[in-house]
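See structure below.
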Amino acid sequence: MRVRVSDELCRRIESDIAEGRLLPGDKLDEQSLARRFSVSRTPAREALLRLANEGLVKFRSRQGATIASMTPQRAIGMVEILTALEAEAAGLAARRMTVAERTDLREIHEQCAQAVHSGNTARYVELNTAFHQAIYAGARNTPLADLVTETRLRMRFFRHQSLSRPARLAASFGEHALIVRAIETGSESEAQQSMRAHIIVGGNLFADMVASIKSE
């Protein structure tokens with residue numbers, strides 16, 4: 001299936017946000033985006049509107065579009081939502097994952113170990129996404145997966161930055177180990193508890209990072 005130009009622009013802008021090349025408050029406009037990506041202004045406009053719908057971009061009168069900022073209060077609220085969603089997904093995965101899916105989750109976890117030992121943050125971030133997505137798939141609840149994916153997208157830059165800390169990388173891996181064990185043994189309550197603790201730790205870092213950036 002052919003990828004729309006505006007969809008590709010969205011993907012690249014989201015990547016810039018996640019990796020810190022675009023920061024909260026940075027300005028975006030159709031003309032500069034069209035020039036940068038060698039496209040017309042129409043797909044650039046479509047991309048900005050879509051990102052605004054996703055909460056990543058904000059339009060202001062006479063100022064155009066900017067990368068959305070976030071208040072500490074909103075950050076805390078999003079962490080609370082993400083914690084509940086992720087815990088539910090882990091619990092369902094413990095009940096519903098097939099043997100093959102559990103094996104795949106274990107393999108991703110072992111690859112994470114290699115990334116931690118080598119200090120490869122970019123690789124760990126990539127595998128961390130795969131780890132959580134494997135759990136969403138194993139939960140077999142599409143509406144839940146959509147909600148958690150949307151919430152994570154809005155927190156993407158800050159969560160990416162939190163994993164750039166070596167100590168957090170190792171701690172995250174250790175938390176993953178508890179989640180994997182709970183899912184492999186089919187313990188729904190343990191999977192929920194382990195995932196909840198995992199998200200809360202990362203969530204506190206997220207809220208602290210938001211508080212350190214000037215809010216809107």
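Convention: chains lettered A, B, ... in structure tokens order; per-chain residue numbering from 1; ligands numbered from 1 as shown.
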Once DSSP has gone over the backbone, tell me which residues of chain A are in alpha helix (DSSP H), as number ranges by chain. A: 5-18, 30-37, 41-53, 72-96, 99-118, 121-139, 142-154, 156-162, 166-184, 188-211
Long-range neighbours of A:Gly119 as a VMD selection string, 12 Å cut-off, only C-alpha atoms, 3 positions minimum in chain: chain A and resid 112 to 116 122 to 125 163 to 170
Selected residues written out with all heavy atoms, as a tab-separated table (two decimals), in the first residue's frame:
```
chain	number	residue	atom	x	y	z
A	112	CYS	N	17.32	-7.22	25.00
A	112	CYS	CA	17.46	-6.03	25.84
A	112	CYS	C	18.68	-6.15	26.74
A	112	CYS	O	19.39	-5.16	26.97
A	112	CYS	CB	16.21	-5.86	26.71
A	112	CYS	SG	14.74	-5.23	25.86
A	113	ALA	N	18.94	-7.36	27.23
A	113	ALA	CA	20.10	-7.58	28.09
A	113	ALA	C	21.38	-7.23	27.36
A	113	ALA	O	22.29	-6.60	27.92
A	113	ALA	CB	20.14	-9.04	28.55
A	114	GLN	N	21.46	-7.62	26.11
A	114	GLN	CA	22.65	-7.32	25.31
A	114	GLN	C	22.82	-5.81	25.14
A	114	GLN	O	23.94	-5.29	25.20
A	114	GLN	CB	22.53	-8.00	23.95
A	114	GLN	CG	22.50	-9.52	24.03
A	114	GLN	CD	22.20	-10.17	22.68
A	114	GLN	OE1	22.27	-9.51	21.64
A	114	GLN	NE2	21.87	-11.45	22.69
A	115	ALA	N	21.69	-5.10	24.92
A	115	ALA	CA	21.75	-3.65	24.75
A	115	ALA	C	22.21	-2.97	26.03
A	115	ALA	O	22.98	-2.01	26.00
A	115	ALA	CB	20.39	-3.12	24.31
A	116	VAL	N	21.73	-3.46	27.18
A	116	VAL	CA	22.14	-2.89	28.47
A	116	VAL	C	23.62	-3.10	28.71
A	116	VAL	O	24.36	-2.18	29.09
A	116	VAL	CB	21.31	-3.50	29.61
A	116	VAL	CG1	21.87	-3.05	30.97
A	116	VAL	CG2	19.85	-3.09	29.50
A	122	ALA	N	20.13	3.55	22.19
A	122	ALA	CA	19.21	3.60	21.05
A	122	ALA	C	18.60	2.23	20.79
A	122	ALA	O	17.39	2.12	20.51
A	122	ALA	CB	19.95	4.09	19.80
A	123	ARG	N	19.41	1.19	20.88
A	123	ARG	CA	18.91	-0.17	20.66
A	123	ARG	C	17.94	-0.57	21.77
A	123	ARG	O	16.91	-1.20	21.51
A	123	ARG	CB	20.08	-1.15	20.61
A	123	ARG	CG	19.69	-2.62	20.44
A	123	ARG	CD	18.93	-2.85	19.17
A	123	ARG	NE	18.69	-4.28	18.97
A	123	ARG	CZ	17.73	-4.77	18.19
A	123	ARG	NH1	16.93	-3.95	17.51
A	123	ARG	NH2	17.59	-6.08	18.05
A	124	TYR	N	18.25	-0.18	23.01
A	124	TYR	CA	17.35	-0.52	24.11
A	124	TYR	C	16.01	0.18	23.96
A	124	TYR	O	14.96	-0.43	24.22
A	124	TYR	CB	17.97	-0.15	25.46
A	124	TYR	CG	17.13	-0.66	26.62
A	124	TYR	CD1	17.31	-1.95	27.11
A	124	TYR	CD2	16.13	0.12	27.19
A	124	TYR	CE1	16.53	-2.44	28.14
A	124	TYR	CE2	15.34	-0.35	28.21
A	124	TYR	CZ	15.54	-1.64	28.70
A	124	TYR	OH	14.74	-2.12	29.70
A	125	VAL	N	16.02	1.44	23.56
A	125	VAL	CA	14.77	2.17	23.35
A	125	VAL	C	13.92	1.47	22.30
A	125	VAL	O	12.70	1.31	22.46
A	125	VAL	CB	15.06	3.63	22.93
A	125	VAL	CG1	13.79	4.32	22.45
A	125	VAL	CG2	15.67	4.40	24.09
A	163	LEU	N	15.21	7.22	29.40
A	163	LEU	CA	15.96	5.99	29.18
A	163	LEU	C	17.39	6.24	28.76
A	163	LEU	O	18.19	5.30	28.65
A	163	LEU	CB	15.25	5.12	28.13
A	163	LEU	CG	13.99	4.40	28.59
A	163	LEU	CD1	13.31	3.71	27.42
A	163	LEU	CD2	14.32	3.38	29.68
A	164	SER	N	17.73	7.50	28.52
A	164	SER	CA	19.11	7.82	28.13
A	164	SER	C	20.05	7.79	29.32
A	164	SER	O	21.26	7.87	29.16
A	164	SER	CB	19.16	9.19	27.46
A	164	SER	OG	18.85	10.21	28.39
A	165	ARG	N	19.49	7.65	30.52
A	165	ARG	CA	20.31	7.59	31.72
A	165	ARG	C	20.73	6.14	31.96
A	165	ARG	O	19.88	5.25	32.08
A	165	ARG	CB	19.51	8.11	32.92
A	165	ARG	CG	18.93	9.50	32.71
A	165	ARG	CD	18.07	9.92	33.87
A	165	ARG	NE	17.46	11.23	33.63
A	165	ARG	CZ	16.73	11.88	34.54
A	165	ARG	NH1	16.51	11.35	35.73
A	165	ARG	NH2	16.20	13.05	34.23
A	166	PRO	N	22.03	5.87	32.05
A	166	PRO	CA	22.51	4.49	32.21
A	166	PRO	C	21.87	3.74	33.37
A	166	PRO	O	21.51	2.57	33.26
A	166	PRO	CB	24.02	4.67	32.41
A	166	PRO	CG	24.34	5.95	31.71
A	166	PRO	CD	23.13	6.83	31.94
A	167	ALA	N	21.72	4.41	34.51
A	167	ALA	CA	21.15	3.75	35.68
A	167	ALA	C	19.70	3.35	35.42
A	167	ALA	O	19.24	2.29	35.86
A	167	ALA	CB	21.23	4.68	36.89
A	168	ARG	N	18.99	4.21	34.69
A	168	ARG	CA	17.58	3.90	34.41
A	168	ARG	C	17.47	2.75	33.43
A	168	ARG	O	16.56	1.93	33.51
A	168	ARG	CB	16.88	5.16	33.83
A	168	ARG	CG	15.42	4.94	33.48
A	168	ARG	CD	14.62	4.48	34.69
A	168	ARG	NE	13.35	3.85	34.31
A	168	ARG	CZ	12.80	2.84	34.96
A	168	ARG	NH1	13.39	2.34	36.02
A	168	ARG	NH2	11.67	2.32	34.55
A	169	LEU	N	18.43	2.65	32.52
A	169	LEU	CA	18.43	1.57	31.54
A	169	LEU	C	18.49	0.21	32.25
A	169	LEU	O	17.70	-0.69	31.97
A	169	LEU	CB	19.64	1.73	30.61
A	169	LEU	CG	19.49	1.25	29.17
A	169	LEU	CD1	18.47	2.09	28.43
A	169	LEU	CD2	20.84	1.32	28.47
A	170	ALA	N	19.43	0.08	33.17
A	170	ALA	CA	19.59	-1.18	33.90
A	170	ALA	C	18.38	-1.46	34.78
A	170	ALA	O	17.92	-2.61	34.87
A	170	ALA	CB	20.86	-1.12	34.75
```
10 Å contact set for A:Asn141, only C-alpha atoms, chain neighbours under 3 positions out, as a list in words: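 Close residues of A:Asn141: Ala89, Leu92, Ala93, Tyr136, Ala137, Gly138, Leu144, Ala145 and Asp146 of chain A.
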From the options A:His109, A:Arg140, A:Arg41, A:Arg60, which residue's atoms come nearest to A:Arg96, counting only C-alpha atoms?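 Comparing A:His109, A:Arg140, A:Arg41, A:Arg60 against A:Arg96, the winner is A:Arg140.
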Give me the residues near stretch 190-196 of chain A as a PyMOL selection string, where near means some atom within 10 Å (using only C-alpha atoms) and where sequence neighbours in that chain fewer than 3 positions away do not count. chain A and resi 80+82-95+175-187+199-201
N, CA, C and O atoms of the current selection, written as a compact mmCIF listing (two decimals), in the first residue's frame:
```
# COMPACT_ATOMS: atom_id res chain seq x y z
N GLU A 80 -0.75 8.52 35.39
CA GLU A 80 -1.76 7.72 36.08
C GLU A 80 -2.59 6.90 35.08
O GLU A 80 -2.90 5.72 35.32
N LEU A 82 -1.57 5.99 32.00
CA LEU A 82 -0.69 4.99 31.39
C LEU A 82 -0.47 3.81 32.35
O LEU A 82 -0.45 2.65 31.91
N THR A 83 -0.32 4.10 33.62
CA THR A 83 -0.11 3.05 34.60
C THR A 83 -1.27 2.07 34.61
O THR A 83 -1.07 0.84 34.60
N ALA A 84 -2.49 2.60 34.62
CA ALA A 84 -3.67 1.74 34.63
C ALA A 84 -3.78 0.92 33.35
O ALA A 84 -4.08 -0.29 33.39
N LEU A 85 -3.53 1.56 32.21
CA LEU A 85 -3.65 0.87 30.93
C LEU A 85 -2.60 -0.22 30.77
O LEU A 85 -2.91 -1.35 30.36
N GLU A 86 -1.35 0.10 31.11
CA GLU A 86 -0.27 -0.87 30.95
C GLU A 86 -0.45 -2.06 31.91
O GLU A 86 -0.17 -3.21 31.54
N ALA A 87 -0.89 -1.78 33.12
CA ALA A 87 -1.11 -2.86 34.09
C ALA A 87 -2.20 -3.81 33.60
O ALA A 87 -2.07 -5.04 33.70
N GLU A 88 -3.26 -3.25 33.05
CA GLU A 88 -4.35 -4.07 32.53
C GLU A 88 -3.87 -4.91 31.35
O GLU A 88 -4.20 -6.11 31.24
N ALA A 89 -3.07 -4.31 30.48
CA ALA A 89 -2.54 -5.04 29.32
C ALA A 89 -1.66 -6.20 29.78
O ALA A 89 -1.74 -7.32 29.23
N ALA A 90 -0.83 -5.98 30.77
CA ALA A 90 0.05 -7.04 31.26
C ALA A 90 -0.75 -8.18 31.88
O ALA A 90 -0.43 -9.36 31.68
N GLY A 91 -1.78 -7.82 32.63
CA GLY A 91 -2.62 -8.84 33.23
C GLY A 91 -3.32 -9.70 32.19
O GLY A 91 -3.38 -10.93 32.30
N LEU A 92 -3.86 -9.05 31.16
CA LEU A 92 -4.52 -9.79 30.08
C LEU A 92 -3.53 -10.65 29.32
O LEU A 92 -3.85 -11.77 28.90
N ALA A 93 -2.31 -10.13 29.12
CA ALA A 93 -1.28 -10.90 28.42
C ALA A 93 -0.93 -12.17 29.19
O ALA A 93 -0.69 -13.23 28.60
N ALA A 94 -0.88 -12.06 30.52
CA ALA A 94 -0.58 -13.24 31.34
C ALA A 94 -1.65 -14.32 31.17
O ALA A 94 -1.36 -15.51 31.23
N ARG A 95 -2.87 -13.89 30.92
CA ARG A 95 -3.98 -14.83 30.72
C ARG A 95 -4.04 -15.37 29.30
O ARG A 95 -4.40 -16.54 29.08
N GLU A 175 13.14 -4.42 35.87
CA GLU A 175 11.68 -4.39 36.01
C GLU A 175 11.01 -5.24 34.95
O GLU A 175 10.02 -5.93 35.21
N HIS A 176 11.57 -5.22 33.74
CA HIS A 176 11.06 -6.07 32.67
C HIS A 176 11.15 -7.55 33.03
O HIS A 176 10.26 -8.33 32.70
N ALA A 177 12.23 -7.92 33.71
CA ALA A 177 12.44 -9.32 34.09
C ALA A 177 11.29 -9.83 34.96
O ALA A 177 10.81 -10.97 34.79
N LEU A 178 10.82 -9.00 35.88
CA LEU A 178 9.71 -9.38 36.75
C LEU A 178 8.42 -9.53 35.95
O LEU A 178 7.61 -10.43 36.22
N ILE A 179 8.23 -8.66 34.98
CA ILE A 179 7.03 -8.72 34.13
C ILE A 179 7.05 -9.99 33.29
O ILE A 179 6.03 -10.70 33.18
N VAL A 180 8.19 -10.30 32.70
CA VAL A 180 8.32 -11.50 31.88
C VAL A 180 8.02 -12.75 32.70
O VAL A 180 7.28 -13.65 32.27
N ARG A 181 8.58 -12.82 33.90
CA ARG A 181 8.36 -13.99 34.76
C ARG A 181 6.89 -14.15 35.10
O ARG A 181 6.35 -15.27 35.06
N ALA A 182 6.22 -13.06 35.40
CA ALA A 182 4.80 -13.13 35.75
C ALA A 182 3.96 -13.61 34.57
O ALA A 182 3.04 -14.42 34.72
N ILE A 183 4.28 -13.10 33.38
CA ILE A 183 3.52 -13.50 32.19
C ILE A 183 3.80 -14.95 31.85
O ILE A 183 2.88 -15.71 31.49
N GLU A 184 5.04 -15.37 31.98
CA GLU A 184 5.39 -16.76 31.66
C GLU A 184 4.71 -17.75 32.60
O GLU A 184 4.37 -18.87 32.20
N THR A 185 4.51 -17.34 33.84
CA THR A 185 3.85 -18.23 34.80
C THR A 185 2.33 -18.06 34.81
O THR A 185 1.63 -18.77 35.53
N GLY A 186 1.85 -17.12 33.99
CA GLY A 186 0.40 -16.91 33.89
C GLY A 186 -0.22 -16.24 35.09
O GLY A 186 -1.43 -16.36 35.32
N SER A 187 0.58 -15.51 35.87
CA SER A 187 0.07 -14.83 37.05
C SER A 187 -0.45 -13.44 36.69
O SER A 187 0.33 -12.49 36.54
N ILE A 199 5.92 1.21 35.41
CA ILE A 199 5.45 2.46 34.81
C ILE A 199 5.54 3.62 35.79
O ILE A 199 5.88 4.75 35.42
N ILE A 200 5.28 3.35 37.06
CA ILE A 200 5.33 4.42 38.06
C ILE A 200 6.74 4.98 38.19
O ILE A 200 6.93 6.20 38.27
N VAL A 201 7.74 4.11 38.17
CA VAL A 201 9.14 4.59 38.28
C VAL A 201 9.47 5.49 37.10
O VAL A 201 9.97 6.61 37.26
```
Provide the atom CA of A:Val5 to atom CA of A:Leu127 distance in Å, to one decimal place. 27.1 Å
Could you tell me which of A:Ala68, A:Gln133, A:Thr121, A:Glu110 comes closest to A:Glu19 if we count only C-alpha atoms?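 So, comparing all the options, the nearest one is A:Thr121.
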Residue nearest A:Gly174 - candidates A:Leu22, A:Met155, A:Ala197, A:Ile135, atoms counted: only C-alpha atoms: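 Using only C-alpha atoms, the shortest distance to A:Gly174 belongs to A:Ala197.
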For A:Asp7, list every protein, DNA or RNA residue within 9 Å, evaluated using only C-alpha atoms, and leave out those in the same chain fewer than 6 positions away; present the list as a PDB file with all heavy atoms, in the first residue's frame.
```pdb
ATOM      1  N   PRO A  43       0.590  18.621   1.858  1.00  0.00           N
ATOM      2  CA  PRO A  43       0.859  17.542   2.816  1.00  0.00           C
ATOM      3  C   PRO A  43       1.486  18.049   4.111  1.00  0.00           C
ATOM      4  O   PRO A  43       1.277  17.463   5.179  1.00  0.00           O
ATOM      5  CB  PRO A  43       1.825  16.617   2.061  1.00  0.00           C
ATOM      6  CG  PRO A  43       2.401  17.440   0.977  1.00  0.00           C
ATOM      7  CD  PRO A  43       1.336  18.411   0.595  1.00  0.00           C
ATOM      8  N   GLU A  46      -1.439  19.116   6.129  1.00  0.00           N
ATOM      9  CA  GLU A  46      -2.152  17.924   6.604  1.00  0.00           C
ATOM     10  C   GLU A  46      -1.422  17.273   7.772  1.00  0.00           C
ATOM     11  O   GLU A  46      -2.046  16.826   8.737  1.00  0.00           O
ATOM     12  CB  GLU A  46      -2.304  16.914   5.463  1.00  0.00           C
ATOM     13  CG  GLU A  46      -3.253  17.362   4.361  1.00  0.00           C
ATOM     14  CD  GLU A  46      -3.253  16.404   3.179  1.00  0.00           C
ATOM     15  OE1 GLU A  46      -2.393  15.490   3.147  1.00  0.00           O
ATOM     16  OE2 GLU A  46      -4.119  16.554   2.293  1.00  0.00           O
ATOM     17  N   ALA A  47      -0.100  17.225   7.686  1.00  0.00           N
ATOM     18  CA  ALA A  47       0.701  16.623   8.750  1.00  0.00           C
ATOM     19  C   ALA A  47       0.563  17.415  10.052  1.00  0.00           C
ATOM     20  O   ALA A  47       0.407  16.836  11.133  1.00  0.00           O
ATOM     21  CB  ALA A  47       2.162  16.545   8.334  1.00  0.00           C
ATOM     22  N   ARG A  50      -2.839  16.774  11.618  1.00  0.00           N
ATOM     23  CA  ARG A  50      -2.906  15.450  12.239  1.00  0.00           C
ATOM     24  C   ARG A  50      -2.145  15.428  13.563  1.00  0.00           C
ATOM     25  O   ARG A  50      -2.625  14.875  14.565  1.00  0.00           O
ATOM     26  CB  ARG A  50      -2.334  14.400  11.291  1.00  0.00           C
ATOM     27  CG  ARG A  50      -2.261  13.008  11.904  1.00  0.00           C
ATOM     28  CD  ARG A  50      -1.801  11.996  10.897  1.00  0.00           C
ATOM     29  NE  ARG A  50      -1.293  10.809  11.547  1.00  0.00           N
ATOM     30  CZ  ARG A  50      -0.774   9.763  10.916  1.00  0.00           C
ATOM     31  NH1 ARG A  50      -0.709   9.768   9.597  1.00  0.00           N
ATOM     32  NH2 ARG A  50      -0.322   8.726  11.570  1.00  0.00           N
TER      33      ARG A  50
END
```
Taking the backbone alone, and naming residues the way the document does, which bits of stretch 63-123 of chain A are strand (DSSP E or B) by DSSP, as a ChimeraX atom specification? /A:64-67
